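Engineer: My structure is in coords.tsv, and what it holds is TSV, N, CA and C atoms:
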chain	number	residue	atom	x	y	z
A	1	MET	N	9.27	-0.89	18.15
A	1	MET	CA	8.62	-2.09	17.68
A	1	MET	C	8.12	-1.86	16.26
A	2	TYR	N	8.34	-2.86	15.41
A	2	TYR	CA	7.82	-2.79	14.06
A	2	TYR	C	7.31	-4.16	13.65
A	3	ALA	N	6.56	-4.17	12.55
A	3	ALA	CA	6.01	-5.41	12.03
A	3	ALA	C	6.00	-5.34	10.52
A	4	ILE	N	6.14	-6.50	9.90
A	4	ILE	CA	5.96	-6.62	8.46
A	4	ILE	C	4.55	-7.16	8.25
A	5	VAL	N	3.73	-6.37	7.56
A	5	VAL	CA	2.31	-6.70	7.40
A	5	VAL	C	1.98	-6.77	5.91
A	6	SER	N	1.09	-7.69	5.57
A	6	SER	CA	0.64	-7.85	4.20
A	6	SER	C	-0.71	-7.14	4.05
A	7	ILE	N	-0.74	-6.14	3.16
A	7	ILE	CA	-1.96	-5.36	2.92
A	7	ILE	C	-2.26	-5.44	1.43
A	8	GLN	N	-3.34	-6.10	1.09
A	8	GLN	CA	-3.80	-6.28	-0.29
A	8	GLN	C	-2.69	-6.82	-1.19
A	9	GLY	N	-1.97	-7.81	-0.70
A	9	GLY	CA	-0.96	-8.47	-1.51
A	9	GLY	C	0.41	-7.83	-1.51
A	10	GLN	N	0.58	-6.70	-0.84
A	10	GLN	CA	1.88	-6.04	-0.75
A	10	GLN	C	2.34	-6.05	0.69
A	11	GLN	N	3.67	-6.14	0.88
A	11	GLN	CA	4.22	-6.18	2.22
A	11	GLN	C	4.78	-4.81	2.59
A	12	PHE	N	4.47	-4.36	3.81
A	12	PHE	CA	4.90	-3.06	4.30
A	12	PHE	C	5.53	-3.21	5.67
A	13	LYS	N	6.49	-2.34	5.97
A	13	LYS	CA	7.06	-2.27	7.31
A	13	LYS	C	6.24	-1.24	8.08
A	14	ALA	N	5.62	-1.67	9.18
A	14	ALA	CA	4.71	-0.82	9.94
A	14	ALA	C	5.31	-0.48	11.30
A	15	GLU	N	5.45	0.81	11.57
A	15	GLU	CA	5.89	1.30	12.88
A	15	GLU	C	4.86	2.31	13.36
A	16	ALA	N	4.65	2.37	14.65
A	16	ALA	CA	3.67	3.29	15.21
A	16	ALA	C	4.08	4.73	14.93
A	17	GLY	N	3.13	5.54	14.50
A	17	GLY	CA	3.38	6.95	14.21
A	17	GLY	C	3.75	7.22	12.76
A	18	LYS	N	4.11	6.22	12.00
A	18	LYS	CA	4.47	6.40	10.59
A	18	LYS	C	3.21	6.33	9.74
A	19	PHE	N	3.33	6.73	8.47
A	19	PHE	CA	2.20	6.62	7.56
A	19	PHE	C	2.61	5.81	6.34
A	20	LEU	N	1.60	5.20	5.72
A	20	LEU	CA	1.80	4.36	4.54
A	20	LEU	C	0.82	4.77	3.45
A	21	TYR	N	1.26	4.59	2.22
A	21	TYR	CA	0.37	4.71	1.07
A	21	TYR	C	0.08	3.30	0.59
A	22	VAL	N	-1.14	2.80	0.85
A	22	VAL	CA	-1.53	1.46	0.44
A	22	VAL	C	-2.48	1.58	-0.75
A	23	HIS	N	-2.67	0.47	-1.47
A	23	HIS	CA	-3.61	0.50	-2.57
A	23	HIS	C	-4.99	0.91	-2.07
A	24	PHE	N	-5.76	1.53	-2.93
A	24	PHE	CA	-7.06	2.10	-2.60
A	24	PHE	C	-7.93	1.07	-1.87
A	25	LEU	N	-8.42	1.42	-0.69
A	25	LEU	CA	-9.17	0.50	0.16
A	25	LEU	C	-10.65	0.43	-0.18
A	26	GLY	N	-11.13	1.33	-1.02
A	26	GLY	CA	-12.54	1.28	-1.45
A	26	GLY	C	-13.28	2.54	-1.07
A	27	ASP	N	-14.50	2.65	-1.62
A	27	ASP	CA	-15.31	3.83	-1.40
A	27	ASP	C	-15.97	3.86	-0.03
A	28	ASN	N	-16.02	2.71	0.66
A	28	ASN	CA	-16.70	2.66	1.95
A	28	ASN	C	-15.82	3.12	3.10
A	29	VAL	N	-14.56	3.46	2.84
A	29	VAL	CA	-13.63	3.93	3.88
A	29	VAL	C	-13.65	5.46	3.89
A	30	LYS	N	-13.87	6.03	5.06
A	30	LYS	CA	-13.92	7.49	5.21
A	30	LYS	C	-12.71	7.98	6.01
A	31	GLU	N	-12.45	9.26	5.95
A	31	GLU	CA	-11.35	9.85	6.70
A	31	GLU	C	-11.62	9.74	8.20
A	32	GLY	N	-10.64	9.26	8.95
A	32	GLY	CA	-10.79	9.09	10.38
A	32	GLY	C	-11.22	7.69	10.80
A	33	ASP	N	-11.57	6.84	9.84
A	33	ASP	CA	-11.95	5.46	10.17
A	33	ASP	C	-10.74	4.68	10.68
A	34	VAL	N	-11.00	3.74	11.57
A	34	VAL	CA	-9.95	2.86	12.09
A	34	VAL	C	-10.00	1.55	11.32
A	35	VAL	N	-8.85	1.15	10.77
A	35	VAL	CA	-8.75	-0.06	9.96
A	35	VAL	C	-7.71	-0.97	10.61
A	36	GLU	N	-8.02	-2.27	10.70
A	36	GLU	CA	-7.10	-3.23	11.29
A	36	GLU	C	-6.65	-4.21	10.23
A	37	PHE	N	-5.35	-4.49	10.20
A	37	PHE	CA	-4.78	-5.48	9.29
A	37	PHE	C	-4.19	-6.59	10.15
A	38	ASP	N	-4.65	-7.82	9.92
A	38	ASP	CA	-4.24	-8.92	10.79
A	38	ASP	C	-3.28	-9.91	10.13
A	39	GLN	N	-2.86	-9.66	8.92
A	39	GLN	CA	-1.90	-10.54	8.26
A	39	GLN	C	-0.48	-10.08	8.56
A	40	VAL	N	-0.06	-10.26	9.80
A	40	VAL	CA	1.28	-9.86	10.24
A	40	VAL	C	2.21	-11.04	10.00
A	41	LEU	N	3.26	-10.80	9.21
A	41	LEU	CA	4.20	-11.86	8.85
A	41	LEU	C	5.37	-11.95	9.81
A	42	LEU	N	5.78	-10.80	10.38
A	42	LEU	CA	6.94	-10.75	11.26
A	42	LEU	C	6.75	-9.60	12.23
A	43	ALA	N	7.19	-9.79	13.47
A	43	ALA	CA	7.13	-8.73	14.48
A	43	ALA	C	8.45	-8.68	15.21
A	44	ASP	N	8.96	-7.46	15.42
A	44	ASP	CA	10.23	-7.25	16.13
A	44	ASP	C	9.97	-6.29	17.27
A	45	ASN	N	10.22	-6.76	18.51
A	45	ASN	CA	10.06	-5.93	19.69
A	45	ASN	C	11.42	-5.78	20.35
A	46	ASP	N	12.20	-4.81	19.88
A	46	ASP	CA	13.54	-4.52	20.41
A	46	ASP	C	14.43	-5.75	20.45
A	47	GLY	N	14.54	-6.44	19.32
A	47	GLY	CA	15.41	-7.60	19.22
A	47	GLY	C	14.71	-8.93	19.40
A	48	ASP	N	13.51	-8.93	19.97
A	48	ASP	CA	12.73	-10.16	20.12
A	48	ASP	C	11.90	-10.34	18.85
A	49	VAL	N	12.42	-11.16	17.92
A	49	VAL	CA	11.80	-11.32	16.61
A	49	VAL	C	10.90	-12.55	16.62
A	50	LYS	N	9.66	-12.34	16.16
A	50	LYS	CA	8.71	-13.44	15.99
A	50	LYS	C	8.37	-13.54	14.51
A	51	VAL	N	8.54	-14.74	13.96
A	51	VAL	CA	8.25	-14.97	12.55
A	51	VAL	C	7.06	-15.89	12.45
A	52	GLY	N	6.09	-15.51	11.64
A	52	GLY	CA	4.88	-16.30	11.48
A	52	GLY	C	5.04	-17.40	10.45
A	53	THR	N	4.16	-18.39	10.53
A	53	THR	CA	4.17	-19.48	9.56
A	53	THR	C	2.79	-19.68	8.99
A	54	PRO	N	2.25	-18.97	8.09
A	54	PRO	CA	2.80	-17.79	7.44
A	54	PRO	C	2.50	-16.50	8.20
A	55	THR	N	1.48	-16.49	9.09
A	55	THR	CA	1.17	-15.27	9.83
A	55	THR	C	1.21	-15.54	11.32
A	56	LEU	N	1.29	-14.45	12.10
A	56	LEU	CA	1.31	-14.55	13.56
A	56	LEU	C	-0.12	-14.55	14.09
A	57	GLU	N	-0.40	-15.45	15.01
A	57	GLU	CA	-1.73	-15.51	15.62
A	57	GLU	C	-1.90	-14.38	16.62
A	58	GLY	N	-3.00	-13.67	16.55
A	58	GLY	CA	-3.32	-12.60	17.50
A	58	GLY	C	-2.60	-11.29	17.25
A	59	ALA	N	-1.76	-11.23	16.25
A	59	ALA	CA	-1.04	-9.99	15.94
A	59	ALA	C	-1.86	-9.17	14.94
A	60	LYS	N	-1.80	-7.85	15.09
A	60	LYS	CA	-2.50	-6.97	14.16
A	60	LYS	C	-1.86	-5.60	14.16
A	61	VAL	N	-2.17	-4.85	13.12
A	61	VAL	CA	-1.71	-3.47	12.99
A	61	VAL	C	-2.96	-2.60	12.90
A	62	VAL	N	-3.07	-1.63	13.82
A	62	VAL	CA	-4.23	-0.74	13.87
A	62	VAL	C	-3.85	0.57	13.21
A	63	CYS	N	-4.63	0.97	12.20
A	63	CYS	CA	-4.35	2.19	11.43
A	63	CYS	C	-5.57	3.09	11.40
A	64	GLU	N	-5.31	4.37	11.17
A	64	GLU	CA	-6.38	5.34	10.97
A	64	GLU	C	-6.22	5.92	9.58
A	65	VAL	N	-7.32	6.05	8.86
A	65	VAL	CA	-7.30	6.57	7.50
A	65	VAL	C	-7.11	8.08	7.55
A	66	ALA	N	-6.00	8.56	6.97
A	66	ALA	CA	-5.73	10.00	6.93
A	66	ALA	C	-6.36	10.63	5.69
A	67	LEU	N	-6.12	10.03	4.53
A	67	LEU	CA	-6.72	10.48	3.28
A	67	LEU	C	-7.24	9.25	2.54
A	68	PRO	N	-8.56	9.17	2.30
A	68	PRO	CA	-9.09	7.96	1.67
A	68	PRO	C	-8.74	7.81	0.20
A	69	LEU	N	-8.46	8.91	-0.50
A	69	LEU	CA	-8.13	8.81	-1.93
A	69	LEU	C	-6.98	9.75	-2.25
A	70	VAL	N	-5.88	9.18	-2.68
A	70	VAL	CA	-4.71	9.94	-3.11
A	70	VAL	C	-4.32	9.41	-4.48
A	71	LYS	N	-4.08	10.30	-5.43
A	71	LYS	CA	-3.66	9.87	-6.75
A	71	LYS	C	-2.14	9.84	-6.81
A	72	GLY	N	-1.61	8.77	-7.38
A	72	GLY	CA	-0.18	8.63	-7.53
A	72	GLY	C	0.32	9.43	-8.73
A	73	ASP	N	1.62	9.33	-8.99
A	73	ASP	CA	2.21	10.01	-10.14
A	73	ASP	C	1.71	9.38	-11.44
A	74	LYS	N	1.66	10.19	-12.48
A	74	LYS	CA	1.22	9.70	-13.76
A	74	LYS	C	2.35	8.91	-14.42
A	75	VAL	N	1.99	7.77	-14.95
A	75	VAL	CA	2.92	6.91	-15.68
A	75	VAL	C	2.50	6.94	-17.14
A	76	ILE	N	3.43	7.29	-18.02
A	76	ILE	CA	3.16	7.35	-19.44
A	76	ILE	C	3.61	6.04	-20.09
A	77	VAL	N	2.70	5.42	-20.83
A	77	VAL	CA	3.02	4.21	-21.57
A	77	VAL	C	2.99	4.57	-23.05
A	78	PHE	N	4.15	4.46	-23.72
A	78	PHE	CA	4.25	4.82	-25.12
A	78	PHE	C	4.72	3.62	-25.90
A	79	LYS	N	3.92	3.23	-26.90
A	79	LYS	CA	4.26	2.09	-27.74
A	79	LYS	C	4.48	2.58	-29.16
A	80	LYS	N	5.51	2.02	-29.81
A	80	LYS	CA	5.82	2.43	-31.17
A	80	LYS	C	6.45	1.26	-31.91
A	81	LYS	N	6.05	1.12	-33.17
A	81	LYS	CA	6.71	0.17	-34.06
A	81	LYS	C	7.32	0.98	-35.19
A	82	ARG	N	8.61	0.90	-35.32
A	82	ARG	CA	9.28	1.76	-36.27
A	82	ARG	C	8.91	1.42	-37.71
A	83	ARG	N	8.84	2.46	-38.51
A	83	ARG	CA	8.56	2.40	-39.95
A	83	ARG	C	7.18	1.85	-40.28
A	84	LYS	N	6.30	1.75	-39.32
A	84	LYS	CA	4.96	1.21	-39.58
A	84	LYS	C	3.86	2.24	-39.34
A	85	GLY	N	4.21	3.39	-38.78
A	85	GLY	CA	3.20	4.41	-38.50
A	85	GLY	C	2.35	4.09	-37.28
A	86	TYR	N	2.84	3.21	-36.42
A	86	TYR	CA	2.08	2.78	-35.23
A	86	TYR	C	2.63	3.47	-34.00
A	87	ARG	N	1.82	4.32	-33.37
A	87	ARG	CA	2.19	4.98	-32.12
A	87	ARG	C	0.96	5.03	-31.23
A	88	ARG	N	1.14	4.66	-29.96
A	88	ARG	CA	0.06	4.73	-28.98
A	88	ARG	C	0.62	5.35	-27.71
A	89	LYS	N	-0.06	6.36	-27.22
A	89	LYS	CA	0.34	7.01	-25.97
A	89	LYS	C	-0.81	6.85	-24.98
A	90	ASN	N	-0.49	6.33	-23.82
A	90	ASN	CA	-1.51	6.07	-22.82
A	90	ASN	C	-0.95	6.48	-21.46
A	91	GLY	N	-1.79	7.00	-20.59
A	91	GLY	CA	-1.37	7.40	-19.25
A	91	GLY	C	-2.17	6.67	-18.19
A	92	HIS	N	-1.58	6.60	-16.99
A	92	HIS	CA	-2.23	5.88	-15.89
A	92	HIS	C	-1.84	6.53	-14.58
A	93	ARG	N	-2.81	6.71	-13.69
A	93	ARG	CA	-2.55	7.17	-12.32
A	93	ARG	C	-3.18	6.19	-11.35
A	94	GLN	N	-2.37	5.64	-10.47
A	94	GLN	CA	-2.85	4.67	-9.49
A	94	GLN	C	-3.50	5.39	-8.31
A	95	PHE	N	-4.56	4.81	-7.75
A	95	PHE	CA	-5.22	5.35	-6.58
A	95	PHE	C	-4.64	4.71	-5.32
A	96	PHE	N	-4.39	5.51	-4.30
A	96	PHE	CA	-3.86	5.05	-3.04
A	96	PHE	C	-4.72	5.57	-1.89
A	97	THR	N	-4.53	4.99	-0.72
A	97	THR	CA	-5.13	5.45	0.53
A	97	THR	C	-4.00	5.69	1.51
A	98	LYS	N	-3.98	6.88	2.12
A	98	LYS	CA	-2.95	7.20	3.11
A	98	LYS	C	-3.45	6.82	4.49
A	99	VAL	N	-2.71	5.96	5.19
A	99	VAL	CA	-3.08	5.53	6.53
A	99	VAL	C	-1.96	5.87	7.50
A	100	VAL	N	-2.35	6.22	8.72
A	100	VAL	CA	-1.40	6.48	9.81
A	100	VAL	C	-1.47	5.30	10.76
A	101	ILE	N	-0.32	4.74	11.11
A	101	ILE	CA	-0.28	3.57	11.98
A	101	ILE	C	-0.37	4.03	13.42
A	102	LYS	N	-1.41	3.57	14.11
A	102	LYS	CA	-1.61	3.94	15.51
A	102	LYS	C	-0.83	3.03	16.45
A	103	GLU	N	-0.94	1.71	16.25
A	103	GLU	CA	-0.23	0.78	17.12
A	103	GLU	C	-0.02	-0.54	16.42
A	104	VAL	N	1.02	-1.24	16.89
A	104	VAL	CA	1.32	-2.58	16.42
A	104	VAL	C	1.14	-3.53	17.59
A	105	VAL	N	0.22	-4.45	17.48
A	105	VAL	CA	-0.06	-5.42	18.53
A	105	VAL	C	0.51	-6.77	18.11
A	106	ALA	N	1.48	-7.27	18.91
A	106	ALA	CA	2.08	-8.58	18.56
A	106	ALA	C	2.36	-9.38	19.82
As structure tokens, how would this structure be written, given the file I've shared?
Structural biologist:
Amino acid sequence: MYAIVSIQGQQFKAEAGKFLYVHFLGDNVKEGDVVEFDQVLLADNDGDVKVGTPTLEGAKVVCEVALPLVKGDKVIVFKKKRRKGYRRKNGHRQFFTKVVIKEVVA
């Protein structure tokens, strides 16, 4: 069984036992906390597909926080205008939260 769930504006495929890297959930989330996401857009139970309009009523994905803060890869942003002496180098690392999916209720 799997579900397509919307978490902070992004859609993820959620299966029990798998883990996801979602956008940082905030400072109030600790390791081992149970988090529920109820914006389930689609659920598939061995071929029995339910599609929400836009979400399914009573469906949710139960997750446990494995790591509350994970830093993503560094992205380098380099801007240059030729023959003008203009160069800017900037870096960015996105913060993520690692969650383990315990169950999909649909």
Engineer: Return as a ChimeraX atom specification the full set of residues in region 13-100 of chain A whose backbone-based DSSP assignment is strand (DSSP E).
Structural biologist: /A:13-15,19-23,34-37,40-45,48-51,60-81,86-100
Engineer: Between A:Val34, A:Glu57, A:Glu103, A:His92, which residue has the minimum interatomic distance to Lys74 (chain A), considering all atoms listed in the file?
Structural biologist: A:His92
Engineer: By how many Å are CA of Ala16 (chain A) and atom N of Val62 (chain A) apart?
Structural biologist: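 Distance reported for this atom pair: 8.5 Å.
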Engineer: If I take CA of His23 (chain A) and CA of Leu67 (chain A), how far is one from the other in Å, to one decimal?
Structural biologist: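 Going from CA of His23 (chain A) over to CA of Leu67 (chain A) covers 12.0 Å.
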Engineer: Would you mind reading off the distance between atom N of Val100 (chain A) and atom N of Cys63 (chain A), one decimal, in Å?
Structural biologist: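 Separation between atom N of Val100 (chain A) and atom N of Cys63 (chain A): 6.7 Å.
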Engineer: Find the residues near Asp33 (chain A): any atom within 8 Å, counting all atoms listed in the file, skip ones fewer than 6 places away on the same chain, and give them as a compact mmCIF listing (two decimals) with N, CA and C atoms, keeping the file's coordinate frame.
Structural biologist:
# COMPACT_ATOMS: atom_id res chain seq x y z
N CYS A 63 -4.63 0.97 12.20
CA CYS A 63 -4.35 2.19 11.43
C CYS A 63 -5.57 3.09 11.40
N GLU A 64 -5.31 4.37 11.17
CA GLU A 64 -6.38 5.34 10.97
C GLU A 64 -6.22 5.92 9.58
N VAL A 65 -7.32 6.05 8.86
CA VAL A 65 -7.30 6.57 7.50
C VAL A 65 -7.11 8.08 7.55
N ALA A 66 -6.00 8.56 6.97
CA ALA A 66 -5.73 10.00 6.93
C ALA A 66 -6.36 10.63 5.69
Engineer: I'd like to know which of A:Lys102, A:Lys60, A:Lys71, A:Lys79 is closest to Phe37 (chain A), using only C-alpha atoms.
Structural biologist: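 Smallest distance to Phe37 (chain A) is found for A:Lys60.
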Engineer: Tell me which of A:Phe12, A:Gly85, A:Lys50, A:Ile7 sits closest to Leu25 (chain A), counting only C-alpha atoms.
Structural biologist: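 Under the stated criterion, the closest residue is A:Ile7.
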Engineer: Pick out the closest residue to Phe24 (chain A) from this set: A:Val70, A:Val104, A:Ala59, A:Val40. Count all atoms listed in the file.
Structural biologist: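 Comparing A:Val70, A:Val104, A:Ala59, A:Val40 against Phe24 (chain A), the winner is A:Val70.
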Engineer: So, with only C-alpha atoms as the atoms that count, which of A:Ile76, A:Ile4, A:Ala106, A:Leu69 lies closest to Glu31 (chain A)?
Structural biologist: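 Of A:Ile76, A:Ile4, A:Ala106, A:Leu69, the one nearest Glu31 (chain A) is A:Leu69, counting only C-alpha atoms.
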